[in-house]
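This report concerns only the one structure given below.
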Amino acid sequence: MSFITLMTDFGIKDGNVGVMRGVIWRIAPQVKIADLSHTIAPQNIAEAALILARSAPYFPPFTVHVVVVDPGVGTDRRPIAAQLGNQFFVGPDNGVITYLLEETERQKLPVKIVHLNRPQYWLPEVSHVFHGRDIFSPVAAQIAIGTPIDALGDPIDDPVRLEVARPERTPSGWRGQVIHIDHFGNIATNIRKEQLGAPQSIIVRLCGADVPGLFRTFGELAPGELMALYGSTGNLIVSEVNGDAARRLSAQVGDTVEVVLG
Amino acid sequence: MSFITLMTDFGIKDGNVGVMRGVIWRIAPQVKIADLSHTIAPQNIAEAALILARSAPYFPPFTVHVVVVDPGVGTDRRPIAAQLGNQFFVGPDNGVITYLLEETERQKLPVKIVHLNRPQYWLPEVSHVFHGRDIFSPVAAQIAIGTPIDALGDPIDDPVRLEVARPERTPSGWRGQVIHIDHFGNIATNIRKEQLGAPQSIIVRLCGADVPGLFRTFGELAPGELMALYGSTGNLIVSEVNGDAARRLSAQVGDTVEVVLG
Amino acid sequence: MSFITLMTDFGIKDGNVGVMRGVIWRIAPQVKIADLSHTIAPQNIAEAALILARSAPYFPPFTVHVVVVDPGVGTDRRPIAAQLGNQFFVGPDNGVITYLLEETERQKLPVKIVHLNRPQYWLPEVSHVFHGRDIFSPVAAQIAIGTPIDALGDPIDDPVRLEVARPERTPSGWRGQVIHIDHFGNIATNIRKEQLGAPQSIIVRLCGADVPGLFRTFGELAPGELMALYGSTGNLIVSEVNGDAARRLSAQVGDTVEVVLG
């Protein structure tokens with residue numbers, strides 16, 4: 001049994017994601033396919049990189065993750081495939097693997113990356129504007145049926161990496177930034193549990209507000225209250241209980257966040 | 001062959017639903033998974049309850065329906081699993097099963113409900129904010145591979161039930177309320193075919209308009225006309241032919257509806 | 001292994017597409033199902049017809065494509081099933097197969113169309129407002145398990161066809177129109193590669209702008225520039241590099257497009 005996930009900025013109205021399923025199933029009819037997201041903000045590679053890193057570890061070993069957020073489609077940016085620990089990636093070489101690659105390296109798990117330069121594994125006709133259909137889907141299907149990634153292209157060791165903003169120590173605590181705002185308006189920062197630990201009392205300053213923490217669950221304050229807690233993958237988040245913190249604070253990705261230890 | 005459905009208020013942009021598929025497939029790689037809806041209005045349990053009740057009966061026997069609309073995540077609200085006739089439910093104990101449970105009881109089909117209190121069936125690490133991933137997905141996968149629900153927790157007989165507004169008789173007909181507005185703007189009421197029968201002529205009063213009925217199909221009036229008819233699951237609905245009745249009438253869930261028998 | 005795709009104007013919030021999966025799996029538990037789009041503009045048959053024609057050829061042979069964009073549900077418009085080359089279609093007879101049928105005829109591939117008039121292949125109870133669930137899903141599942149389409153109804157040879165606007169020659173080039181605007185704001189026209197060929201230099205006039213072409217890839221101009229190129233299925237498109245051409249030009253489906261050969 002093999003699995004493929006799809007993440008794109010294609011939206012859901014035009015049928016393009018469905019077509020990718022068709023291409024995959026022609027080559028690998030047994031494969032099960034999950035959507036991760038198709039409403040990544042157009043060409044927002046950083047957002048896709050975060051979602052990939054926190055999603056991939058929950059999938060069965062040897063799942064192939066196809067991520068097509070590709071402002072450079074049709075230019076000379078490289079198409080690549082990668083084995084990162086026991087997960088596979090297929091997509092343009094634009095940095096979207098950055099966080100997952102770093103975590104794989106940190107855990108000293110195997111990393112192998114190839115430049116997809118063997119057209120015999122692609123659709124016979126390759127358009128200049130839809131490599132998701134013409135290159136990445138057939139290659140993902142090949143991996144799913146057991147084709148070794150070495151067969152798909154020449155090895156490389158210089159994949160594009162995003163510049164990642166790291167949180168830094170300050171005299172009173174930590175300074176970081178907003179990296180994601182979810183559907184509920186929860187504000188995720190790049191400050192993580194490994195750095196901050198489990199302090200009893202902190203103040204999180206962002207967008208002119210002082211938000212208390214560190215709480216464990218939404219149930220500890222009344223609806224409408226702001227709180228700081230850890231999100232489901234270990235990042236410090238700011239939430240409004242049963243509300244939308246990002247709208248309330250007009251928070252945006254990139255905003256500065258200060259943590260003051262109490 | 002086994003089946004799971006997923007319904008949440010998570011939205012579709014953040015990858016959280018995809019992650020649930022990953023967790024399920026690690027445990028139950030054969031299972032097929034369908035989305036019911038992930039754009040339930042945040043924490044709108046009543047809307048999810050309606051969709052669950054009218055969807056579940058169309059699925060194969062022993063399908064597991066996971067519904068995570070969970071304002072109480074991380075509080076002491078109970079996680080539960082239930083067998084309701086030949087369908088299964090997994091999710092927080094927040095009343096979302098109300099309509100499906102009532103229908104199961106009405107048909108005198110078997111009902112069994114357990115409090116999910118055996119962490120050996122969950123992911124090893126359980127976050128305080130994403131039980132959909134850490135508790136409900138692994139439990140659904142367990143049921144799909146044949147684990148009896150008795151094994152998953154202790155039996156309970158007091159699940160939370162929503163207070164359900166019932167339509168009532170009036171001197172001239174029935175009084176009920178709007179319970180759902182669909183994508184097309186069709187306005188669904190809680191007055192049902194079992195109550196109203198098949199009268200030749202009614203007037204439905206809502207939002208200051210008098211809408212004629214009872215029609216059988218949209219084709220009986222011209223585009224732009226308002227009509228009352230039965231929806232696909234037997235509720236009285238008000239529609240605009242090829243138009244959006246809810247927008248035209250500014251109808252909202254909870255609005256009063258009067259049916260005057262002709 | 002068999003495959004079904006679903007395309008509707010049902011939206012994604014009400015659970016109606018999920019229910020169709022349930023109906024299909026009760027009859028054909030092995031079938032894999034892909035969504036093409038469920039956010040077709042309400043009752044926009046032409047948009048669905050375009051997406052069907054450019055998607056179906058990428059699916060495995062004998063995939064069944066269910067398209068329910070059905071302003072006439074419950075009227076006397078016919079439900080049909082069709083074999084078009086090696087793909088199958090199920091849905092209302094409203095012209096949505098027009099482009100796929102024309103292409104099948106052009107390639108002289110087999111065409112067979114039946115009027116679905118045998119209720120023994122439908123759900124036992126058929127509502128007047130949801131034939132997607134009650135007629136089209138069970139019929140698609142029947143085809144997926146190998147029921148010949150001749151068994152499902154009587155043959156017809158007069159399916160509804162949309163009136164298709166054809167591009168025409170002008171003294172200086174071609175005149176066509178806008179037929180689709182995608183998620184990114186790319187503007188697709190009905191002028192195709194087979195007509196226009198590969199001229200070195202053209203000007204595309206639409207919405208008061210003169211857009212240069214013919215480019216091969218987005219990478220040939222700077223972000224923010226407008227360009228004309230071929231889309232992934234061979235239609236002439238106008239795009240803004242890393243931007244939204246349709247919003248910038250206020251382009252709409254139906255707008256006139258002039259191509260001036262350089």
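Convention: chains lettered A, B, ... in structure tokens order; per-chain residue numbering from 1; ligands numbered from 1 as shown.
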Pull the closest atom pair for each residue of chain C that gets at most 7 Å from chain B, along with the distance in Å to one decimal, counting only C-alpha atoms, ordering rows by chain and then ascending residue number, as JSON lines.
{"residue": "C:Phe10", "atom": "CA", "partner": "B:His183", "partner_atom": "CA", "distance": 6.5}
{"residue": "C:Gly11", "atom": "CA", "partner": "B:His183", "partner_atom": "CA", "distance": 5.9}
{"residue": "C:Ile12", "atom": "CA", "partner": "B:Ser37", "partner_atom": "CA", "distance": 6.3}
{"residue": "C:Lys13", "atom": "CA", "partner": "B:Ser37", "partner_atom": "CA", "distance": 5.2}
{"residue": "C:Asp14", "atom": "CA", "partner": "B:Asp182", "partner_atom": "CA", "distance": 6.3}
{"residue": "C:Gly15", "atom": "CA", "partner": "B:Leu36", "partner_atom": "CA", "distance": 4.6}
{"residue": "C:Gly18", "atom": "CA", "partner": "B:Leu36", "partner_atom": "CA", "distance": 4.6}
{"residue": "C:Val19", "atom": "CA", "partner": "B:Ser55", "partner_atom": "CA", "distance": 5.5}
{"residue": "C:Arg21", "atom": "CA", "partner": "B:Ala34", "partner_atom": "CA", "distance": 6.9}
{"residue": "C:Gly22", "atom": "CA", "partner": "B:Phe59", "partner_atom": "CA", "distance": 4.1}
{"residue": "C:Val23", "atom": "CA", "partner": "B:Tyr58", "partner_atom": "CA", "distance": 5.6}
{"residue": "C:Trp25", "atom": "CA", "partner": "B:Pro60", "partner_atom": "CA", "distance": 6.6}
{"residue": "C:Arg26", "atom": "CA", "partner": "B:Pro60", "partner_atom": "CA", "distance": 4.8}
{"residue": "C:Pro29", "atom": "CA", "partner": "B:Met1", "partner_atom": "CA", "distance": 6.8}
{"residue": "C:Pro71", "atom": "CA", "partner": "B:Asn242", "partner_atom": "CA", "distance": 6.3}
{"residue": "C:Gly72", "atom": "CA", "partner": "B:Gly219", "partner_atom": "CA", "distance": 6.6}
{"residue": "C:Gly74", "atom": "CA", "partner": "B:Thr217", "partner_atom": "CA", "distance": 5.1}
{"residue": "C:Thr75", "atom": "CA", "partner": "B:Gly219", "partner_atom": "CA", "distance": 5.0}
{"residue": "C:Ser127", "atom": "CA", "partner": "B:Ser232", "partner_atom": "CA", "distance": 5.4}
{"residue": "C:His128", "atom": "CA", "partner": "B:Thr217", "partner_atom": "CA", "distance": 5.6}
{"residue": "C:Val129", "atom": "CA", "partner": "B:Ser232", "partner_atom": "CA", "distance": 5.8}
{"residue": "C:Phe130", "atom": "CA", "partner": "B:Ser232", "partner_atom": "CA", "distance": 5.9}
Next, write the just-selected residues to a file, as a PDB file, in the first residue's frame, keeping N, CA and C atoms as the atom set.
ATOM      1  N   PHE C  10     -22.012  22.238  -6.069  1.00  0.00           N
ATOM      2  CA  PHE C  10     -22.604  22.101  -4.737  1.00  0.00           C
ATOM      3  C   PHE C  10     -21.860  22.872  -3.646  1.00  0.00           C
ATOM      4  N   GLY C  11     -20.651  23.387  -3.947  1.00  0.00           N
ATOM      5  CA  GLY C  11     -19.846  23.940  -2.869  1.00  0.00           C
ATOM      6  C   GLY C  11     -19.327  22.828  -1.974  1.00  0.00           C
ATOM      7  N   ILE C  12     -18.598  23.236  -0.936  1.00  0.00           N
ATOM      8  CA  ILE C  12     -17.927  22.222  -0.116  1.00  0.00           C
ATOM      9  C   ILE C  12     -18.415  22.207   1.324  1.00  0.00           C
ATOM     10  N   LYS C  13     -19.433  22.991   1.657  1.00  0.00           N
ATOM     11  CA  LYS C  13     -19.756  23.115   3.075  1.00  0.00           C
ATOM     12  C   LYS C  13     -20.891  22.216   3.566  1.00  0.00           C
ATOM     13  N   ASP C  14     -21.755  21.708   2.667  1.00  0.00           N
ATOM     14  CA  ASP C  14     -23.003  21.089   3.111  1.00  0.00           C
ATOM     15  C   ASP C  14     -22.975  19.570   3.201  1.00  0.00           C
ATOM     16  N   GLY C  15     -21.885  18.948   2.829  1.00  0.00           N
ATOM     17  CA  GLY C  15     -21.792  17.494   2.940  1.00  0.00           C
ATOM     18  C   GLY C  15     -22.361  16.736   1.754  1.00  0.00           C
ATOM     19  N   GLY C  18     -19.829  14.476  -0.063  1.00  0.00           N
ATOM     20  CA  GLY C  18     -19.516  13.312   0.765  1.00  0.00           C
ATOM     21  C   GLY C  18     -20.575  12.236   0.645  1.00  0.00           C
ATOM     22  N   VAL C  19     -21.817  12.650   0.653  1.00  0.00           N
ATOM     23  CA  VAL C  19     -22.920  11.688   0.538  1.00  0.00           C
ATOM     24  C   VAL C  19     -22.830  10.918  -0.784  1.00  0.00           C
ATOM     25  N   ARG C  21     -20.137  10.089  -2.333  1.00  0.00           N
ATOM     26  CA  ARG C  21     -19.132   9.047  -2.108  1.00  0.00           C
ATOM     27  C   ARG C  21     -19.734   7.860  -1.366  1.00  0.00           C
ATOM     28  N   GLY C  22     -20.550   8.134  -0.348  1.00  0.00           N
ATOM     29  CA  GLY C  22     -21.168   7.040   0.399  1.00  0.00           C
ATOM     30  C   GLY C  22     -22.022   6.155  -0.494  1.00  0.00           C
ATOM     31  N   VAL C  23     -22.842   6.783  -1.320  1.00  0.00           N
ATOM     32  CA  VAL C  23     -23.716   6.035  -2.228  1.00  0.00           C
ATOM     33  C   VAL C  23     -22.884   5.180  -3.189  1.00  0.00           C
ATOM     34  N   TRP C  25     -19.775   4.043  -2.763  1.00  0.00           N
ATOM     35  CA  TRP C  25     -19.042   2.967  -2.079  1.00  0.00           C
ATOM     36  C   TRP C  25     -19.956   1.837  -1.610  1.00  0.00           C
ATOM     37  N   ARG C  26     -21.230   2.124  -1.362  1.00  0.00           N
ATOM     38  CA  ARG C  26     -22.145   1.031  -1.007  1.00  0.00           C
ATOM     39  C   ARG C  26     -22.282   0.050  -2.159  1.00  0.00           C
ATOM     40  N   PRO C  29     -17.439  -0.773  -3.557  1.00  0.00           N
ATOM     41  CA  PRO C  29     -16.525  -0.431  -2.454  1.00  0.00           C
ATOM     42  C   PRO C  29     -15.066  -0.289  -2.868  1.00  0.00           C
ATOM     43  N   PRO C  71     -29.213  23.045 -13.341  1.00  0.00           N
ATOM     44  CA  PRO C  71     -30.325  23.962 -13.068  1.00  0.00           C
ATOM     45  C   PRO C  71     -31.685  23.308 -13.316  1.00  0.00           C
ATOM     46  N   GLY C  72     -31.713  22.265 -14.134  1.00  0.00           N
ATOM     47  CA  GLY C  72     -32.997  21.657 -14.479  1.00  0.00           C
ATOM     48  C   GLY C  72     -33.383  20.461 -13.626  1.00  0.00           C
ATOM     49  N   GLY C  74     -35.067  17.829 -11.601  1.00  0.00           N
ATOM     50  CA  GLY C  74     -36.479  17.646 -11.302  1.00  0.00           C
ATOM     51  C   GLY C  74     -37.404  18.035 -12.451  1.00  0.00           C
ATOM     52  N   THR C  75     -36.866  18.646 -13.513  1.00  0.00           N
ATOM     53  CA  THR C  75     -37.687  18.912 -14.705  1.00  0.00           C
ATOM     54  C   THR C  75     -37.547  17.712 -15.641  1.00  0.00           C
ATOM     55  N   SER C 127     -35.331  11.761  -4.767  1.00  0.00           N
ATOM     56  CA  SER C 127     -35.845  13.101  -4.461  1.00  0.00           C
ATOM     57  C   SER C 127     -35.940  13.919  -5.749  1.00  0.00           C
ATOM     58  N   HIS C 128     -36.651  15.029  -5.670  1.00  0.00           N
ATOM     59  CA  HIS C 128     -36.767  15.894  -6.851  1.00  0.00           C
ATOM     60  C   HIS C 128     -35.664  16.935  -6.910  1.00  0.00           C
ATOM     61  N   VAL C 129     -34.815  16.963  -5.905  1.00  0.00           N
ATOM     62  CA  VAL C 129     -33.819  18.035  -5.850  1.00  0.00           C
ATOM     63  C   VAL C 129     -32.373  17.550  -5.745  1.00  0.00           C
ATOM     64  N   PHE C 130     -32.119  16.238  -5.685  1.00  0.00           N
ATOM     65  CA  PHE C 130     -30.746  15.775  -5.497  1.00  0.00           C
ATOM     66  C   PHE C 130     -30.498  14.497  -6.312  1.00  0.00           C
TER      67      PHE C 130
END
Pick out the residues sitting within 12 Å of Gly153 (chain C), and hand them over as a PyMOL selection string; count only C-alpha atoms, and ignore anything fewer than 6 positions along from it in its own chain. chain C and resi 78-82+90+112-122+139+147
Keeping only all heavy atoms, write the selected residues as a short mmCIF file (atom, residue, chain, number, x, y, z; two decimals), in the first residue's frame.
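Heads up, here's the output in part-v9.cif:
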data_model
loop_
_atom_site.label_atom_id
_atom_site.label_comp_id
_atom_site.auth_asym_id
_atom_site.auth_seq_id
_atom_site.Cartn_x
_atom_site.Cartn_y
_atom_site.Cartn_z
N ARG C 78 -33.21 15.18 -19.54
CA ARG C 78 -32.89 13.76 -19.41
C ARG C 78 -31.64 13.53 -18.56
O ARG C 78 -30.64 14.24 -18.74
CB ARG C 78 -32.63 13.16 -20.80
CG ARG C 78 -33.81 13.19 -21.71
CD ARG C 78 -33.47 12.62 -23.08
NE ARG C 78 -32.49 13.44 -23.79
CZ ARG C 78 -32.28 13.36 -25.10
NH1 ARG C 78 -32.95 12.49 -25.85
NH2 ARG C 78 -31.38 14.14 -25.68
N PRO C 79 -31.64 12.52 -17.71
CA PRO C 79 -30.36 12.04 -17.16
C PRO C 79 -29.72 11.12 -18.20
O PRO C 79 -30.43 10.33 -18.84
CB PRO C 79 -30.78 11.27 -15.91
CG PRO C 79 -32.20 10.86 -16.14
CD PRO C 79 -32.80 11.80 -17.15
N ILE C 80 -28.41 11.24 -18.39
CA ILE C 80 -27.75 10.41 -19.40
C ILE C 80 -26.45 9.79 -18.87
O ILE C 80 -25.90 10.24 -17.86
CB ILE C 80 -27.42 11.19 -20.69
CG1 ILE C 80 -26.45 12.36 -20.42
CG2 ILE C 80 -28.69 11.69 -21.37
CD1 ILE C 80 -25.93 13.05 -21.69
N ALA C 81 -26.01 8.75 -19.56
CA ALA C 81 -24.66 8.23 -19.39
C ALA C 81 -24.06 8.13 -20.79
O ALA C 81 -24.79 7.94 -21.76
CB ALA C 81 -24.66 6.87 -18.71
N ALA C 82 -22.75 8.28 -20.88
CA ALA C 82 -22.11 8.25 -22.20
C ALA C 82 -20.75 7.59 -22.12
O ALA C 82 -20.04 7.73 -21.12
CB ALA C 82 -21.95 9.68 -22.73
N VAL C 90 -21.45 10.59 -16.67
CA VAL C 90 -22.79 10.44 -16.11
C VAL C 90 -23.25 11.80 -15.61
O VAL C 90 -22.50 12.49 -14.90
CB VAL C 90 -22.80 9.42 -14.94
CG1 VAL C 90 -24.17 9.36 -14.29
CG2 VAL C 90 -22.38 8.04 -15.42
N LYS C 112 -21.10 6.45 -27.40
CA LYS C 112 -22.38 5.80 -27.13
C LYS C 112 -23.05 6.56 -25.99
O LYS C 112 -22.43 6.82 -24.96
CB LYS C 112 -22.16 4.35 -26.74
CG LYS C 112 -23.43 3.56 -26.53
CD LYS C 112 -23.14 2.16 -25.99
CE LYS C 112 -22.45 1.27 -27.02
NZ LYS C 112 -22.24 -0.10 -26.50
N ILE C 113 -24.31 6.94 -26.19
CA ILE C 113 -25.02 7.74 -25.18
C ILE C 113 -26.35 7.07 -24.89
O ILE C 113 -27.05 6.65 -25.82
CB ILE C 113 -25.23 9.18 -25.67
CG1 ILE C 113 -23.90 9.80 -26.13
CG2 ILE C 113 -25.85 10.04 -24.56
CD1 ILE C 113 -23.99 11.18 -26.70
N VAL C 114 -26.70 6.96 -23.61
CA VAL C 114 -28.00 6.39 -23.25
C VAL C 114 -28.78 7.34 -22.35
O VAL C 114 -28.20 8.09 -21.56
CB VAL C 114 -27.87 5.01 -22.55
CG1 VAL C 114 -27.15 4.01 -23.45
CG2 VAL C 114 -27.19 5.12 -21.20
N HIS C 115 -30.08 7.28 -22.50
CA HIS C 115 -31.01 8.00 -21.63
C HIS C 115 -31.23 7.13 -20.39
O HIS C 115 -31.69 5.99 -20.51
CB HIS C 115 -32.33 8.21 -22.39
CG HIS C 115 -33.40 8.86 -21.58
ND1 HIS C 115 -34.71 8.88 -21.98
CD2 HIS C 115 -33.36 9.52 -20.39
CE1 HIS C 115 -35.44 9.53 -21.07
NE2 HIS C 115 -34.64 9.91 -20.11
N LEU C 116 -30.87 7.62 -19.23
CA LEU C 116 -31.00 6.82 -18.00
C LEU C 116 -32.48 6.75 -17.63
O LEU C 116 -33.01 7.64 -16.96
CB LEU C 116 -30.18 7.44 -16.88
CG LEU C 116 -28.67 7.47 -17.11
CD1 LEU C 116 -27.99 8.33 -16.05
CD2 LEU C 116 -28.08 6.07 -17.12
N ASN C 117 -33.14 5.68 -18.08
CA ASN C 117 -34.57 5.58 -17.82
C ASN C 117 -34.94 4.23 -17.19
O ASN C 117 -36.05 3.75 -17.35
CB ASN C 117 -35.38 5.83 -19.11
CG ASN C 117 -34.93 4.92 -20.24
OD1 ASN C 117 -34.12 4.02 -20.03
ND2 ASN C 117 -35.46 5.16 -21.43
N ARG C 118 -34.01 3.66 -16.44
CA ARG C 118 -34.26 2.38 -15.78
C ARG C 118 -34.03 2.52 -14.28
O ARG C 118 -32.91 2.31 -13.78
CB ARG C 118 -33.34 1.31 -16.37
CG ARG C 118 -33.43 1.30 -17.90
CD ARG C 118 -33.37 -0.03 -18.54
NE ARG C 118 -33.57 0.14 -19.98
CZ ARG C 118 -32.76 -0.32 -20.93
NH1 ARG C 118 -31.68 -1.02 -20.59
NH2 ARG C 118 -33.03 -0.12 -22.22
N PRO C 119 -35.09 2.86 -13.55
CA PRO C 119 -34.96 3.19 -12.12
C PRO C 119 -34.43 2.05 -11.27
O PRO C 119 -34.04 2.29 -10.13
CB PRO C 119 -36.39 3.56 -11.71
CG PRO C 119 -37.08 3.92 -12.99
CD PRO C 119 -36.45 3.08 -14.05
N GLN C 120 -34.40 0.83 -11.78
CA GLN C 120 -33.85 -0.25 -10.96
C GLN C 120 -32.37 -0.04 -10.67
O GLN C 120 -31.83 -0.67 -9.75
CB GLN C 120 -34.08 -1.62 -11.61
CG GLN C 120 -33.39 -1.86 -12.94
CD GLN C 120 -34.25 -1.49 -14.14
OE1 GLN C 120 -35.00 -0.48 -14.13
NE2 GLN C 120 -34.16 -2.29 -15.20
N TYR C 121 -31.70 0.88 -11.39
CA TYR C 121 -30.29 1.15 -11.13
C TYR C 121 -30.10 2.39 -10.25
O TYR C 121 -28.97 2.83 -10.05
CB TYR C 121 -29.52 1.32 -12.44
CG TYR C 121 -29.46 0.04 -13.24
CD1 TYR C 121 -30.23 -0.14 -14.37
CD2 TYR C 121 -28.62 -1.00 -12.83
CE1 TYR C 121 -30.18 -1.32 -15.09
CE2 TYR C 121 -28.57 -2.19 -13.55
CZ TYR C 121 -29.35 -2.35 -14.68
OH TYR C 121 -29.29 -3.52 -15.37
N TRP C 122 -31.19 2.98 -9.77
CA TRP C 122 -31.10 4.19 -8.95
C TRP C 122 -31.33 3.82 -7.49
O TRP C 122 -31.64 2.68 -7.17
CB TRP C 122 -32.16 5.21 -9.39
CG TRP C 122 -32.17 5.50 -10.87
CD1 TRP C 122 -31.24 5.14 -11.81
CD2 TRP C 122 -33.21 6.20 -11.57
NE1 TRP C 122 -31.63 5.58 -13.05
CE2 TRP C 122 -32.83 6.24 -12.94
CE3 TRP C 122 -34.41 6.82 -11.19
CZ2 TRP C 122 -33.61 6.87 -13.92
CZ3 TRP C 122 -35.18 7.44 -12.16
CH2 TRP C 122 -34.78 7.46 -13.50
N VAL C 139 -25.64 5.17 -10.62
CA VAL C 139 -25.36 4.77 -12.00
C VAL C 139 -23.85 4.76 -12.26
O VAL C 139 -23.33 3.83 -12.89
CB VAL C 139 -26.09 5.71 -12.98
CG1 VAL C 139 -25.52 5.59 -14.39
CG2 VAL C 139 -27.59 5.40 -12.99
N THR C 147 -21.19 -2.84 -15.17
CA THR C 147 -22.48 -2.89 -15.86
C THR C 147 -22.37 -2.14 -17.19
O THR C 147 -21.94 -0.99 -17.22
CB THR C 147 -23.56 -2.21 -14.99
OG1 THR C 147 -23.57 -2.82 -13.69
CG2 THR C 147 -24.94 -2.33 -15.62
#
Name all residues at most 8 Å from Pro167 (chain C) (count only C-alpha atoms; drop same-chain ones fewer than 5 positions away) and give them as a ChimeraX atom specification. /C:174-177,190-191
For the helix (DSSP H, G or I) assignment from backbone DSSP, which residues of region 129-235 of chain B qualify? Please present them as a short mmCIF file (atom, residue, chain, number, x, y, z; two decimals) with N, CA and C atoms, in the first residue's frame.
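result37.cif, written as the output of this step:
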data_model
loop_
_atom_site.label_atom_id
_atom_site.label_comp_id
_atom_site.auth_asym_id
_atom_site.auth_seq_id
_atom_site.Cartn_x
_atom_site.Cartn_y
_atom_site.Cartn_z
N HIS B 131 -6.97 17.23 19.31
CA HIS B 131 -7.41 15.87 19.58
C HIS B 131 -7.89 15.16 18.31
N GLY B 132 -8.27 15.92 17.31
CA GLY B 132 -8.62 15.30 16.03
C GLY B 132 -7.50 14.43 15.50
N ARG B 133 -6.28 14.91 15.64
CA ARG B 133 -5.10 14.16 15.21
C ARG B 133 -4.69 13.11 16.24
N ASP B 134 -4.70 13.48 17.51
CA ASP B 134 -4.01 12.68 18.53
C ASP B 134 -4.90 11.63 19.18
N ILE B 135 -6.21 11.85 19.20
CA ILE B 135 -7.14 10.89 19.83
C ILE B 135 -8.14 10.34 18.80
N PHE B 136 -8.85 11.24 18.11
CA PHE B 136 -10.00 10.77 17.32
C PHE B 136 -9.57 10.01 16.06
N SER B 137 -8.52 10.45 15.39
CA SER B 137 -8.08 9.72 14.19
C SER B 137 -7.56 8.33 14.53
N PRO B 138 -6.69 8.18 15.53
CA PRO B 138 -6.25 6.80 15.82
C PRO B 138 -7.39 5.91 16.31
N VAL B 139 -8.33 6.46 17.06
CA VAL B 139 -9.45 5.64 17.53
C VAL B 139 -10.33 5.22 16.35
N ALA B 140 -10.59 6.15 15.42
CA ALA B 140 -11.39 5.79 14.23
C ALA B 140 -10.70 4.69 13.44
N ALA B 141 -9.39 4.80 13.32
CA ALA B 141 -8.64 3.77 12.59
C ALA B 141 -8.74 2.42 13.30
N GLN B 142 -8.70 2.43 14.64
CA GLN B 142 -8.87 1.19 15.40
C GLN B 142 -10.21 0.54 15.09
N ILE B 143 -11.26 1.34 15.09
CA ILE B 143 -12.59 0.78 14.80
C ILE B 143 -12.60 0.22 13.37
N ALA B 144 -11.97 0.95 12.46
CA ALA B 144 -11.97 0.50 11.06
C ALA B 144 -11.26 -0.83 10.88
N ILE B 149 -15.65 -1.41 20.00
CA ILE B 149 -15.61 -0.13 20.71
C ILE B 149 -15.59 -0.34 22.22
N ASP B 150 -16.07 -1.46 22.72
CA ASP B 150 -15.95 -1.74 24.15
C ASP B 150 -14.50 -1.70 24.62
N ALA B 151 -13.59 -2.06 23.74
CA ALA B 151 -12.19 -2.08 24.14
C ALA B 151 -11.63 -0.68 24.31
N LEU B 152 -12.30 0.30 23.69
CA LEU B 152 -11.71 1.64 23.60
C LEU B 152 -12.03 2.53 24.79
N LYS B 193 -41.71 16.37 6.34
CA LYS B 193 -42.75 15.69 5.56
C LYS B 193 -43.64 14.82 6.44
N GLU B 194 -43.07 14.19 7.46
CA GLU B 194 -43.85 13.33 8.35
C GLU B 194 -44.91 14.15 9.08
N GLN B 195 -44.64 15.43 9.31
CA GLN B 195 -45.60 16.28 10.00
C GLN B 195 -46.59 16.93 9.05
N LEU B 196 -46.07 17.45 7.98
CA LEU B 196 -46.88 18.30 7.11
C LEU B 196 -47.64 17.50 6.06
N PHE B 218 -38.19 22.30 -8.88
CA PHE B 218 -37.85 23.67 -9.25
C PHE B 218 -38.48 24.05 -10.60
N GLY B 219 -38.68 23.05 -11.47
CA GLY B 219 -39.14 23.34 -12.82
C GLY B 219 -40.58 23.84 -12.89
N GLU B 220 -41.31 23.82 -11.77
CA GLU B 220 -42.73 24.20 -11.83
C GLU B 220 -42.94 25.71 -11.81
#
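Between CA of Gly262 (chain A) and CA of Arg169 (chain A) the separation is 14.7 Å.
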Exercise: Asn94 (chain C) partners within 10 Å, only C-alpha atoms, chain neighbours under 2 positions left out, as a compact mmCIF listing (two decimals) with C-alpha atoms, in the first residue's frame:
# COMPACT_ATOMS: atom_id res chain seq x y z
CA ILE C 45 -22.48 24.59 -17.45
CA ALA C 46 -19.93 26.09 -19.84
CA ALA C 49 -17.72 21.62 -19.79
CA VAL C 68 -23.81 17.55 -11.75
CA VAL C 69 -24.34 21.20 -12.63
CA ASP C 70 -28.03 20.94 -12.99
CA PRO C 71 -30.33 23.96 -13.07
CA GLY C 72 -33.00 21.66 -14.48
CA ARG C 77 -34.32 17.23 -18.83
CA ARG C 78 -32.89 13.76 -19.41
CA PRO C 79 -30.36 12.04 -17.16
CA ILE C 80 -27.75 10.41 -19.40
CA GLY C 91 -24.99 13.47 -15.47
CA PRO C 92 -27.85 15.58 -16.76
CA VAL C 96 -21.68 19.72 -20.32
CA ILE C 97 -20.16 17.00 -22.53
CA THR C 98 -19.99 19.29 -25.58
CA PRO C 159 -27.50 14.97 -26.70
CA VAL C 160 -27.78 18.67 -25.89
CA ARG C 161 -24.78 20.62 -27.18
CA LEU C 162 -23.70 24.06 -26.01
For CA of Thr189 (chain C) and CA of Leu236 (chain C), quote the distance in Å rounded to one decimal. 5.6 Å
Identify, on the basis of only C-alpha atoms, every residue whose closest approach to Glu240 (chain C) does not exceed 10 Å; exclude the query and any residue fewer than 2 positions from it along the same chain; express the result as number ranges by chain. C: 184-187, 211, 218, 221-228, 238, 242-249
